[in-house]
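Structure data (compact mmCIF, C-alpha atoms and all ligand atoms) from my_file23.txt:
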```txt
# COMPACT_ATOMS: atom_id res chain seq x y z
CA MET A 285 -74.20 -83.50 -78.82
CA SER A 286 -74.06 -86.95 -77.39
CA TRP A 287 -70.65 -88.18 -76.26
CA TYR A 288 -71.01 -91.53 -78.01
CA GLU A 289 -71.52 -92.39 -81.68
CA THR A 290 -73.01 -95.82 -81.35
CA SER A 291 -74.00 -98.32 -78.67
CA VAL A 292 -74.90 -101.95 -78.07
CA GLU A 293 -77.11 -103.43 -75.38
CA VAL A 294 -75.75 -106.67 -73.94
CA ASP A 295 -78.94 -108.53 -73.25
CA LEU A 296 -78.54 -110.65 -70.11
CA GLY A 297 -81.90 -110.21 -68.40
CA GLU A 298 -81.44 -108.37 -65.09
CA ARG A 299 -77.74 -108.05 -65.72
CA SER A 300 -78.12 -106.37 -69.13
CA TYR A 301 -75.92 -103.37 -69.75
CA PRO A 302 -74.97 -100.90 -72.50
CA ILE A 303 -71.66 -100.46 -74.30
CA TRP A 304 -71.17 -96.90 -75.54
CA ILE A 305 -68.64 -96.37 -78.33
CA GLY A 306 -67.24 -93.18 -79.83
CA ARG A 307 -64.18 -91.02 -80.29
CA GLU A 308 -64.96 -89.06 -77.13
CA ALA A 309 -66.80 -91.61 -75.01
CA GLU A 310 -64.56 -90.75 -72.05
CA ALA A 311 -66.87 -87.75 -71.52
CA GLY A 312 -69.48 -90.33 -70.51
CA VAL A 313 -67.19 -91.60 -67.75
CA LEU A 314 -66.90 -88.10 -66.28
CA GLU A 315 -70.64 -87.43 -66.62
CA THR A 316 -71.66 -90.77 -65.08
CA ALA A 317 -69.21 -90.53 -62.17
CA SER A 318 -70.24 -86.91 -61.44
CA LYS A 319 -73.88 -87.94 -61.36
CA LEU A 320 -73.22 -90.86 -59.00
CA ILE A 321 -71.15 -88.66 -56.71
CA SER A 322 -73.97 -86.08 -56.64
CA GLU A 323 -76.17 -88.93 -55.32
CA ASN A 324 -73.63 -89.57 -52.53
CA ARG A 325 -72.27 -92.72 -54.10
CA LYS A 326 -68.49 -93.06 -54.01
CA CYS A 327 -66.57 -93.67 -57.22
CA GLY A 328 -63.02 -95.02 -57.31
CA PHE A 329 -60.83 -95.38 -60.39
CA VAL A 330 -58.45 -98.30 -60.89
CA LEU A 331 -56.02 -97.34 -63.65
CA ASP A 332 -53.32 -98.94 -65.76
CA ALA A 333 -50.20 -96.86 -65.07
CA GLY A 334 -49.02 -97.21 -68.70
CA PHE A 335 -52.29 -95.74 -69.93
CA ALA A 336 -52.23 -93.05 -67.21
CA ALA A 337 -48.77 -91.92 -68.32
CA GLN A 338 -50.10 -91.34 -71.85
CA GLN A 339 -53.44 -89.72 -70.98
CA ALA A 340 -52.56 -87.29 -68.21
CA GLU A 341 -55.34 -84.80 -68.97
CA PHE A 342 -58.10 -87.39 -68.58
CA VAL A 343 -56.44 -88.82 -65.47
CA SER A 344 -56.32 -85.42 -63.78
CA LYS A 345 -60.08 -85.08 -64.39
CA LEU A 346 -60.62 -88.44 -62.70
CA GLU A 347 -58.43 -87.37 -59.79
CA SER A 348 -60.66 -84.37 -59.25
CA LEU A 349 -63.67 -86.71 -58.93
CA GLY A 350 -62.52 -89.46 -56.60
CA PRO A 351 -59.66 -91.65 -55.38
CA VAL A 352 -57.40 -93.14 -58.07
CA LEU A 353 -55.30 -96.30 -57.79
CA LYS A 354 -52.64 -96.72 -60.49
CA LEU A 355 -51.36 -100.25 -60.98
CA PRO A 356 -48.29 -101.28 -62.99
CA ALA A 357 -48.80 -102.16 -66.67
CA GLY A 358 -48.44 -105.80 -67.66
CA GLU A 359 -49.88 -109.27 -67.20
CA THR A 360 -48.11 -109.78 -63.84
CA THR A 361 -50.50 -107.20 -62.36
CA LYS A 362 -53.35 -109.72 -62.69
CA SER A 363 -52.20 -111.22 -59.38
CA LEU A 364 -53.45 -111.98 -55.88
CA GLN A 365 -51.15 -109.27 -54.58
CA GLU A 366 -52.61 -106.52 -56.77
CA LEU A 367 -56.12 -107.79 -56.07
CA GLY A 368 -55.23 -107.22 -52.41
CA SER A 369 -54.11 -103.69 -53.21
CA ILE A 370 -57.55 -102.99 -54.74
CA PHE A 371 -59.28 -104.27 -51.58
CA ASP A 372 -57.00 -102.12 -49.41
CA PHE A 373 -57.68 -99.09 -51.63
CA LEU A 374 -61.45 -99.60 -51.38
CA ALA A 375 -61.36 -100.18 -47.64
CA ALA A 376 -59.05 -97.20 -47.00
CA ASN A 377 -61.56 -94.99 -48.85
CA THR A 378 -64.46 -96.54 -46.87
CA PHE A 379 -66.24 -97.82 -49.97
CA ASP A 380 -69.54 -99.51 -49.19
CA ARG A 381 -72.10 -101.54 -51.12
CA SER A 382 -73.41 -98.42 -52.86
CA SER A 383 -69.97 -97.47 -54.24
CA PHE A 384 -68.64 -97.93 -57.76
CA ILE A 385 -65.33 -98.93 -59.30
CA PHE A 386 -64.32 -97.78 -62.76
CA ALA A 387 -61.70 -100.14 -64.25
CA VAL A 388 -59.70 -98.01 -66.70
CA GLY A 389 -57.19 -99.90 -68.83
CA GLY A 390 -56.78 -102.90 -71.08
CA GLY A 391 -57.83 -106.47 -70.43
CA VAL A 392 -55.48 -106.75 -67.44
CA ILE A 393 -57.17 -103.95 -65.49
CA GLY A 394 -60.64 -104.97 -66.72
CA ASP A 395 -60.19 -108.54 -65.49
CA LEU A 396 -58.50 -107.55 -62.22
CA GLY A 397 -60.71 -104.54 -61.43
CA GLY A 398 -63.81 -106.54 -62.34
CA PHE A 399 -62.80 -109.34 -59.99
CA GLY A 400 -62.10 -106.76 -57.27
CA ALA A 401 -65.64 -105.45 -57.77
CA ALA A 402 -67.06 -109.00 -57.81
CA SER A 403 -65.49 -109.89 -54.47
CA TYR A 404 -65.23 -106.72 -52.34
CA LEU A 405 -68.15 -106.82 -49.85
CA ARG A 406 -69.32 -109.86 -51.88
CA GLY A 407 -69.84 -107.71 -54.92
CA ILE A 408 -70.14 -104.02 -55.75
CA ASP A 409 -71.03 -102.33 -59.03
CA PHE A 410 -68.43 -101.42 -61.60
CA TYR A 411 -67.97 -99.86 -65.01
CA GLN A 412 -65.42 -100.94 -67.60
CA VAL A 413 -63.42 -98.26 -69.41
CA PRO A 414 -61.41 -100.29 -71.94
CA THR A 415 -58.39 -98.48 -73.37
CA THR A 416 -56.94 -101.10 -75.75
CA LEU A 417 -58.53 -102.45 -78.92
CA LEU A 418 -58.52 -105.97 -77.46
CA SER A 419 -60.41 -104.86 -74.38
CA MET A 420 -62.94 -102.90 -76.50
CA VAL A 421 -63.77 -105.80 -78.81
CA ASP A 422 -63.29 -108.72 -76.47
CA SER A 423 -62.44 -108.67 -72.77
CA SER A 424 -64.95 -105.97 -71.73
CA VAL A 425 -67.82 -108.06 -73.15
CA GLY A 426 -69.01 -111.20 -71.43
CA GLY A 427 -68.41 -110.68 -67.73
CA LYS A 428 -65.37 -112.90 -67.24
CA THR A 429 -63.16 -111.40 -64.55
CA GLY A 430 -60.18 -112.88 -62.76
CA ILE A 431 -56.50 -113.18 -62.00
CA ASN A 432 -53.58 -115.49 -62.73
CA ILE A 433 -51.98 -117.78 -60.14
CA SER A 434 -48.69 -119.62 -60.41
CA ALA A 435 -50.46 -122.75 -61.72
CA GLY A 436 -51.84 -120.86 -64.74
CA LYS A 437 -53.59 -117.90 -66.35
CA ASN A 438 -57.14 -116.92 -65.40
CA LEU A 439 -57.53 -119.81 -62.97
CA VAL A 440 -59.30 -117.76 -60.29
CA GLY A 441 -62.17 -115.41 -61.03
CA ALA A 442 -65.88 -114.80 -61.30
CA PHE A 443 -68.54 -114.01 -63.83
CA TRP A 444 -69.44 -110.42 -62.94
CA GLN A 445 -71.17 -108.12 -65.42
CA PRO A 446 -70.43 -104.38 -65.41
CA GLN A 447 -73.12 -101.68 -65.24
CA GLY A 448 -71.86 -100.34 -68.54
CA VAL A 449 -68.81 -100.02 -70.78
CA PHE A 450 -67.35 -96.77 -72.17
CA SER A 451 -65.21 -97.45 -75.27
CA SER A 452 -63.46 -94.25 -76.30
CA THR A 453 -61.58 -94.82 -79.55
CA GLY A 454 -59.76 -91.53 -78.89
CA PHE A 455 -57.74 -93.44 -76.27
CA LEU A 456 -56.38 -95.72 -78.99
CA THR A 457 -54.33 -92.89 -80.54
CA THR A 458 -51.65 -93.49 -77.89
CA LEU A 459 -51.81 -97.30 -78.00
CA PRO A 460 -48.64 -98.79 -79.55
CA GLU A 461 -49.23 -100.21 -83.04
CA ARG A 462 -48.18 -103.69 -81.93
CA ASP A 463 -50.95 -103.67 -79.28
CA PHE A 464 -53.49 -102.35 -81.79
CA ASN A 465 -52.61 -105.10 -84.26
CA SER A 466 -52.79 -107.69 -81.53
CA GLY A 467 -56.39 -106.60 -80.89
CA MET A 468 -57.08 -106.95 -84.61
CA ALA A 469 -56.53 -110.72 -84.27
CA GLU A 470 -59.74 -110.92 -82.21
CA VAL A 471 -61.58 -108.69 -84.72
CA ILE A 472 -60.58 -111.01 -87.58
CA LYS A 473 -61.56 -113.99 -85.41
CA HIS A 474 -65.06 -112.58 -84.89
CA GLY A 475 -65.53 -112.25 -88.65
CA MET A 476 -64.27 -115.79 -89.22
CA LEU A 477 -66.49 -117.31 -86.58
CA ASN A 478 -69.75 -115.49 -87.03
CA ASP A 479 -69.87 -112.77 -89.66
CA ARG A 480 -68.71 -113.21 -93.23
CA ALA A 481 -69.76 -109.61 -94.01
CA LEU A 482 -67.42 -108.30 -91.29
CA PHE A 483 -64.59 -110.43 -92.69
CA GLU A 484 -65.25 -109.06 -96.18
CA GLN A 485 -65.50 -105.50 -94.83
CA LEU A 486 -62.05 -105.93 -93.24
CA GLU A 487 -60.69 -107.25 -96.54
CA SER A 488 -62.08 -104.26 -98.40
CA LEU A 489 -60.75 -101.56 -96.02
CA ASP A 490 -57.30 -100.08 -95.86
CA VAL A 491 -55.48 -100.97 -92.69
CA LEU A 492 -57.62 -99.89 -89.73
CA HIS A 493 -56.14 -97.47 -87.20
CA ALA A 494 -57.29 -95.50 -84.16
CA GLU A 495 -58.70 -92.60 -86.17
CA HIS A 496 -60.31 -94.60 -88.97
CA ALA A 497 -63.92 -93.45 -89.48
CA GLU A 498 -65.17 -97.05 -89.61
CA LEU A 499 -63.55 -98.11 -86.32
CA PRO A 500 -66.47 -97.31 -83.93
CA GLY A 501 -68.87 -99.29 -86.14
CA ILE A 502 -66.46 -102.21 -86.33
CA ILE A 503 -66.03 -102.22 -82.55
CA ARG A 504 -69.83 -102.19 -82.19
CA ARG A 505 -70.20 -105.16 -84.56
CA ASN A 506 -67.57 -107.09 -82.60
CA CYS A 507 -69.37 -106.39 -79.33
CA GLU A 508 -72.65 -107.56 -80.90
CA ILE A 509 -71.06 -110.79 -82.06
CA LYS A 510 -69.45 -111.55 -78.73
CA ALA A 511 -72.58 -110.49 -76.82
CA ALA A 512 -74.78 -112.78 -78.93
CA VAL A 513 -72.51 -115.75 -78.27
CA VAL A 514 -72.29 -114.94 -74.55
CA ASN A 515 -76.02 -114.38 -74.35
CA ALA A 516 -76.69 -117.89 -75.63
CA ASP A 517 -74.20 -119.53 -73.24
CA GLU A 518 -73.27 -117.06 -70.47
CA LYS A 519 -71.34 -119.53 -68.28
CA GLU A 520 -69.81 -121.67 -71.02
CA GLN A 521 -71.95 -124.72 -70.33
CA ALA A 522 -73.09 -125.65 -73.87
CA SER A 523 -71.86 -129.13 -74.83
CA SER A 524 -71.07 -127.99 -78.37
CA GLY A 525 -70.91 -124.58 -80.04
CA GLY A 526 -71.80 -121.75 -77.62
CA ARG A 527 -69.13 -119.70 -75.90
CA ALA A 528 -66.45 -122.25 -76.88
CA LEU A 529 -66.67 -120.88 -80.46
CA LEU A 530 -64.85 -117.79 -79.20
CA ASN A 531 -61.82 -120.07 -78.87
CA LEU A 532 -61.38 -120.21 -82.65
CA GLY A 533 -57.59 -120.19 -83.20
CA HIS A 534 -56.95 -120.35 -79.46
CA THR A 535 -55.98 -124.02 -79.04
CA PHE A 536 -53.18 -123.49 -81.57
CA GLY A 537 -52.51 -119.92 -80.42
CA HIS A 538 -52.18 -120.73 -76.72
CA ALA A 539 -49.80 -123.57 -77.58
CA VAL A 540 -47.63 -121.19 -79.63
CA GLU A 541 -47.68 -118.62 -76.81
CA ASN A 542 -46.78 -121.24 -74.25
CA ALA A 543 -44.15 -123.20 -76.22
CA ALA A 544 -42.37 -120.01 -77.34
CA GLY A 545 -42.23 -118.84 -73.70
CA TYR A 546 -44.63 -116.15 -72.51
CA GLY A 547 -43.61 -112.71 -73.75
CA GLU A 548 -42.11 -113.88 -77.06
CA TYR A 549 -45.39 -113.46 -78.94
CA MET A 550 -48.05 -111.00 -77.83
CA HIS A 551 -51.29 -112.86 -77.18
CA GLY A 552 -52.94 -111.49 -80.35
CA GLU A 553 -49.89 -112.41 -82.42
CA ALA A 554 -50.12 -116.02 -81.27
CA ILE A 555 -53.87 -115.94 -82.00
CA GLY A 556 -53.18 -114.57 -85.51
CA LEU A 557 -51.04 -117.62 -86.23
CA GLY A 558 -53.64 -119.81 -84.49
CA LEU A 559 -56.33 -118.48 -86.84
CA VAL A 560 -54.24 -119.45 -89.86
CA MET A 561 -53.77 -122.95 -88.42
CA ALA A 562 -57.49 -123.25 -87.60
CA ALA A 563 -58.29 -122.28 -91.21
CA GLU A 564 -55.87 -124.95 -92.43
CA LEU A 565 -57.56 -127.51 -90.15
CA SER A 566 -60.94 -126.53 -91.62
CA LEU A 567 -59.51 -127.07 -95.12
CA ARG A 568 -58.08 -130.48 -94.18
CA LEU A 569 -61.47 -131.50 -92.76
CA GLY A 570 -63.05 -130.67 -96.11
CA ASN A 571 -65.01 -127.59 -95.04
CA ILE A 572 -63.33 -124.62 -96.70
CA SER A 573 -61.21 -124.09 -99.81
CA GLU A 574 -57.52 -123.31 -100.18
CA ASP A 575 -58.56 -119.89 -101.42
CA ASP A 576 -60.36 -119.28 -98.09
CA VAL A 577 -57.18 -120.21 -96.19
CA ASN A 578 -55.22 -117.76 -98.33
CA ARG A 579 -57.75 -115.04 -97.56
CA VAL A 580 -57.24 -115.63 -93.82
CA ILE A 581 -53.45 -115.55 -94.27
CA ALA A 582 -53.69 -112.28 -96.23
CA LEU A 583 -55.88 -110.56 -93.63
CA VAL A 584 -53.82 -111.74 -90.65
CA GLY A 585 -50.62 -110.69 -92.45
CA ARG A 586 -52.04 -107.26 -93.25
CA TYR A 587 -51.89 -106.45 -89.52
CA SER A 588 -48.28 -107.66 -89.24
CA LEU A 589 -49.44 -110.69 -87.27
CA PRO A 590 -47.40 -113.85 -87.85
CA THR A 591 -48.72 -116.38 -90.36
CA ARG A 592 -45.89 -118.87 -89.64
CA CYS A 593 -43.86 -119.66 -86.51
CA VAL A 594 -41.43 -116.76 -86.10
CA GLU A 595 -38.68 -119.03 -84.71
CA PRO A 596 -38.78 -122.79 -85.35
CA MET A 597 -40.65 -124.47 -82.49
CA SER A 598 -40.78 -128.19 -81.83
CA VAL A 599 -43.96 -130.07 -82.65
CA ALA A 600 -43.53 -132.05 -79.41
CA ALA A 601 -43.44 -128.86 -77.31
CA LEU A 602 -46.54 -127.52 -79.08
CA MET A 603 -48.43 -130.80 -78.67
CA ASP A 604 -47.48 -130.92 -74.97
CA ALA A 605 -48.72 -127.37 -74.51
CA MET A 606 -52.04 -128.29 -76.17
CA ARG A 607 -52.51 -131.29 -73.90
CA ARG A 608 -52.03 -129.05 -70.85
CA ASP A 609 -54.52 -126.49 -72.18
CA LYS A 610 -57.72 -126.14 -70.18
CA LYS A 611 -59.70 -126.75 -73.39
CA VAL A 612 -58.59 -130.43 -73.32
CA HIS A 613 -61.72 -132.32 -72.43
CA ARG A 614 -61.39 -135.83 -70.99
CA GLY A 615 -58.05 -136.28 -72.76
CA THR A 616 -59.33 -135.20 -76.21
CA LEU A 617 -57.87 -132.18 -78.02
CA ARG A 618 -60.68 -129.75 -78.74
CA PHE A 619 -60.59 -127.35 -81.65
CA VAL A 620 -62.94 -124.88 -83.25
CA GLY A 621 -63.11 -124.94 -87.05
CA MET A 622 -65.08 -123.18 -89.78
CA LYS A 623 -67.77 -124.72 -91.96
CA SER A 624 -67.24 -121.62 -94.09
CA ILE A 625 -65.84 -118.14 -93.44
CA GLY A 626 -68.32 -116.68 -90.96
CA GLN A 627 -69.58 -119.97 -89.55
CA ALA A 628 -67.63 -121.72 -86.80
CA TYR A 629 -68.30 -125.04 -85.08
CA THR A 630 -66.71 -127.10 -82.32
CA ILE A 631 -64.93 -130.15 -83.69
CA PRO A 632 -65.55 -133.17 -81.45
CA GLU A 633 -62.16 -134.84 -81.97
CA VAL A 634 -59.08 -134.23 -84.11
CA ALA A 635 -56.41 -136.86 -84.77
CA PRO A 636 -53.04 -135.80 -83.27
CA ASP A 637 -51.26 -136.70 -86.56
CA LEU A 638 -53.35 -134.16 -88.44
CA VAL A 639 -52.54 -131.51 -85.83
CA SER A 640 -48.79 -132.27 -86.20
CA GLU A 641 -48.98 -131.98 -89.99
CA ILE A 642 -50.56 -128.55 -89.69
CA LEU A 643 -47.96 -127.40 -87.17
CA VAL A 644 -45.17 -128.49 -89.53
CA LYS A 645 -46.76 -126.75 -92.50
CA TYR A 646 -46.64 -123.46 -90.57
CA GLY A 647 -43.06 -123.68 -89.43
CA ALA A 648 -42.82 -126.11 -86.50
CA VAL A 649 -40.04 -128.70 -86.64
CA GLU A 650 -40.27 -132.45 -85.89
N1 LIG B 701 -62.26 -111.30 -69.70
C1 LIG B 701 -62.19 -111.75 -70.94
O1 LIG B 701 -63.17 -112.22 -71.51
C2 LIG B 701 -60.88 -111.65 -71.67
C3 LIG B 701 -60.84 -111.88 -73.05
C4 LIG B 701 -59.63 -111.71 -73.71
C5 LIG B 701 -58.49 -111.34 -73.00
N2 LIG B 701 -58.56 -111.15 -71.66
C6 LIG B 701 -57.39 -110.74 -70.89
O2 LIG B 701 -56.97 -109.48 -71.36
C7 LIG B 701 -55.60 -109.30 -71.04
C8 LIG B 701 -54.90 -108.65 -72.21
O3 LIG B 701 -55.49 -107.39 -72.44
P1 LIG B 701 -54.77 -106.27 -73.33
O4 LIG B 701 -54.28 -106.87 -74.58
O5 LIG B 701 -55.70 -105.13 -73.35
O6 LIG B 701 -53.43 -105.97 -72.53
P2 LIG B 701 -53.05 -104.98 -71.32
O7 LIG B 701 -54.18 -104.71 -70.44
O8 LIG B 701 -51.83 -105.57 -70.72
O9 LIG B 701 -52.63 -103.64 -72.08
C9 LIG B 701 -51.58 -103.67 -73.03
C10 LIG B 701 -50.60 -102.52 -72.87
O10 LIG B 701 -51.21 -101.33 -73.36
C11 LIG B 701 -50.97 -100.25 -72.46
N3 LIG B 701 -52.09 -99.33 -72.68
C12 LIG B 701 -53.39 -99.57 -72.43
N4 LIG B 701 -54.15 -98.59 -72.95
C13 LIG B 701 -53.33 -97.72 -73.52
C14 LIG B 701 -53.52 -96.52 -74.27
N5 LIG B 701 -54.75 -96.09 -74.58
N6 LIG B 701 -52.43 -95.84 -74.69
C15 LIG B 701 -51.19 -96.33 -74.45
N7 LIG B 701 -50.94 -97.48 -73.81
C16 LIG B 701 -52.01 -98.17 -73.35
C17 LIG B 701 -50.88 -100.88 -71.12
O11 LIG B 701 -50.10 -100.09 -70.24
C18 LIG B 701 -50.17 -102.20 -71.44
O12 LIG B 701 -48.78 -102.02 -71.45
C19 LIG B 701 -55.07 -110.68 -70.69
O13 LIG B 701 -54.84 -110.74 -69.30
C20 LIG B 701 -56.19 -111.63 -71.08
O14 LIG B 701 -56.25 -112.78 -70.25
C21 LIG B 701 -59.74 -111.28 -70.99
```

Taking this structure as input, can you express it in the form of structure tokens?
Ligand SMILES: NC(=O)c1ccc[n+]([C@@H]2O[C@H](COP(=O)([O-])OP(=O)(O)OC[C@H]3O[C@@H](n4cnc5c(N)ncnc54)[C@H](O)[C@@H]3O)[C@@H](O)[C@H]2O)c1
Amino acid sequence: MSWYETSVEVDLGERSYPIWIGREAEAGVLETASKLISENRKCGFVLDAGFAAQQAEFVSKLESLGPVLKLPAGETTKSLQELGSIFDFLAANTFDRSSFIFAVGGGVIGDLGGFGAASYLRGIDFYQVPTTLLSMVDSSVGGKTGINISAGKNLVGAFWQPQGVFSSTGFLTTLPERDFNSGMAEVIKHGMLNDRALFEQLESLDVLHAEHAELPGIIRRNCEIKAAVVNADEKEQASSGGRALLNLGHTFGHAVENAAGYGEYMHGEAIGLGLVMAAELSLRLGNISEDDVNRVIALVGRYSLPTRCVEPMSVAALMDAMRRDKKVHRGTLRFVGMKSIGQAYTIPEVAPDLVSEILVKYGAVE
């Protein structure tokens, strides 16, 4: 029996790679690493310590294959210092250009480990082993790797595609529910931006969870959607549409995250609220109906994601945060809206007064 249930090919010419998805896809990690080692290629495993604490059996199998570096859980690990610890780990184990890194963890380890692979010896091969829902449906697709610096998140990095991605939904059984739901914000976003059928499928299902029979197929569909968008605009250079569409809900969401103080909302929670606000913006611009907005609110709320500001936040603080966002282009606030559920577009310019009205409607105070 194959160790994966379904797969997607990310089609990027020479840098194309497969994503394998299934309840027991971690068996593919062990098989692939064993094969590489039998060909005298070194394999090293960079692990999220929070994941490692929950999945000791799998980790001990990795330890029997090659050197393991466990890094602390949390966003602060995406730092220059921990990037340095990856370089030291690789050098201490005399990794060369033929060696491989497996980045095993959520988006933090995927981004950091991927950037380590992109820069060590000017680039070595790596595999992604995402262990959170967000990393399975979003961060492991598209090749963006990087770290945070004190001036801001994700400001240093590289586009570096993995050789393959192993998404084992079995890992999600130990993921806290709040993290799972946070990943659902990106799943809902993908339906809103590109796939009405996915959105309607989510509406028709009970609440999804790690062991839900439909989860591998839903992860595959999300990877297909993100891969198609990335494929058309790998380095985010399209003047409209393209990779920027993946920012649906993110101009509002990042502002909420930032104005509330990082840590108050999980990223996906802020994006959930951002999706509601982006739907409202689409209504105000005459594209979708009030009923559509209510459908978005119902789906976001079903995953316990906020549909209003949890604590009152000031409009001024939110507007300031938006102006500092890297999506501001030549002084103009840039948003992504929907023409209809399942069809997103980049809005060239939005009047600040309209943005303020929407913020107030969803709980911000003037
Ligand atoms: N590269 C991209 O395109 C892209 C896209 C979206 C987000 N990101 C990045 O992703 C990061 C967020 O990723 P995330 O939400 O996966 O967070 P994360 O990597 O911080 O993981 C969340 C938490 O889950 C724990 N964990 C992971 N797997 C587990 C498991 N199976 N069982 C139990 N606990 C587990 C971790 O220890 C951590 O505490 C951010 O840094 C963001 O910038 C990158």

Give the residues close to ligand LIG 701 (chain B), within 6 Å, counting all atoms listed in the file; write them as a list in words.
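Written in the requested form, the residues are Asp332, Gly334, Phe335, Gln338, Ala357, Gly358, Glu359, Gly389, Gly390, Gly391, Val392, Ile393, Asp395, Thr415, Thr416, Leu418, Ser419, Asp422, Ser423, Gly426, Lys428, Thr429, Phe455, Leu456, Thr458 and Leu459 of chain A.
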
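Distances to Gly467 in chain A were evaluated for A:Gly556, A:Gly501, A:Pro356, A:Gly407 using all atoms listed in the file, and the minimum falls at A:Gly556.
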
Using all atoms listed in the file, the best pick from A:Met597, A:Met476, A:Leu499, A:Ala648 as closest to Asp576 in chain A would be A:Met476

The residue from A:Phe373, A:Phe450, A:Phe399, A:Trp444 with the smallest atom-to-atom distance to Asn432 in chain A, counting all atoms listed in the file, is A:Phe399

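Closest approach to Met606 in chain A among A:Gly570, A:Gly526, A:Gly585, A:Gly537 is made by A:Gly537 (distances from only C-alpha atoms).
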
Taking all atoms of range 443-452 of chain A that the file lists and extending 5 Å past them on each side, where is the centre of the axis-aligned box and how long are its edges? Answer in Å to one decimal, as JSON.
```
{"center_x": -68.3, "center_y": -104.1, "center_z": -69.6, "size_x": 19.7, "size_y": 29.8, "size_z": 23.4}
```

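Proximity ranking of A:Ile503, A:Leu530, A:Cys593, A:Val540 relative to Val620 in chain A places A:Leu530 first, based on all atoms listed in the file.
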
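Interatomic distance, CA of Ala522 in chain A against CA of Ser363 in chain A: 29.2 Å.
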
task = Measuring atom to atom with all atoms listed in the file, identify which of A:Val644, A:Ala563, A:Leu346, A:Cys327 is nearest to Arg592 in chain A.
result =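 Closest to Arg592 in chain A, using all atoms listed in the file: A:Val644.
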
What residues have an atom no more than 12 Å from (-71.3, -106.5, -59.9) in the file's own frame, counting only C-alpha atoms, and can you write them as a PyMOL selection string? chain A and resi 298-301+381-386+397-412+427-429+442-448

Would you compute the distance between CA of Phe329 in chain A and CA of Ala375 in chain A? Give it in Å to one decimal.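 If I compute the distance from CA of Phe329 in chain A to CA of Ala375 in chain A, I get 13.6 Å.
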
From CA of Phe342 in chain A to CA of Glu315 in chain A the spacing works out at 12.7 Å

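Neighbours of Gly328 in chain A closer than or equal to 6 Å, with only C-alpha atoms counted and sequence neighbours fewer than 3 positions away skipped, come out as Gly350, Pro351, Val352 and Ile385 of chain A.
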
Check your understanding: Do you know which residues are at most 7 Å from range 542-544 of chain A counting all atoms listed in the file, after dropping those on the same chain fewer than 6 positions away, and could you put them as a PyMOL selection string?
Key -> chain A and resi 601-602+605

- [ ] Extract, using only C-alpha atoms, all DNA, RNA and protein residues at most 12 Å from Ser488 in chain A, discarding same-chain residues fewer than 2 positions from it, and format them as an NGL selection string.
- [x] :A and (481-486 or 490-492 or 498 or 579 or 582-583 or 586)

Quick one: residues within 8 Å of Leu529 in chain A, all atoms listed in the file, excluding same-chain residues fewer than 2 positions away - as an NGL selection string? :A and (477 or 525-527 or 531-532 or 620 or 628-630)

Mind writing the picked residues with C-alpha atoms as a PDB file, keeping the file's coordinate frame?
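Result file follows (selection-v6.pdb):
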```pdb
ATOM      1  CA  LEU A 477     -66.490-117.310 -86.580  1.00  0.00           C
ATOM      2  CA  GLY A 525     -70.910-124.580 -80.040  1.00  0.00           C
ATOM      3  CA  GLY A 526     -71.800-121.750 -77.620  1.00  0.00           C
ATOM      4  CA  ARG A 527     -69.130-119.700 -75.900  1.00  0.00           C
ATOM      5  CA  ASN A 531     -61.820-120.070 -78.870  1.00  0.00           C
ATOM      6  CA  LEU A 532     -61.380-120.210 -82.650  1.00  0.00           C
ATOM      7  CA  VAL A 620     -62.940-124.880 -83.250  1.00  0.00           C
ATOM      8  CA  ALA A 628     -67.630-121.720 -86.800  1.00  0.00           C
ATOM      9  CA  TYR A 629     -68.300-125.040 -85.080  1.00  0.00           C
ATOM     10  CA  THR A 630     -66.710-127.100 -82.320  1.00  0.00           C
TER      11      THR A 630
END
```

ask   = Can you tell me, as a PyMOL selection string, what residues are no more than 12 Å from Leu643 in chain A when counting all atoms listed in the file, ignoring any on the same chain fewer than 5 positions away?
value = chain A and resi 535-537+539-540+557-558+560-562+564-565+591-593+596-603+606+636-638+648-650
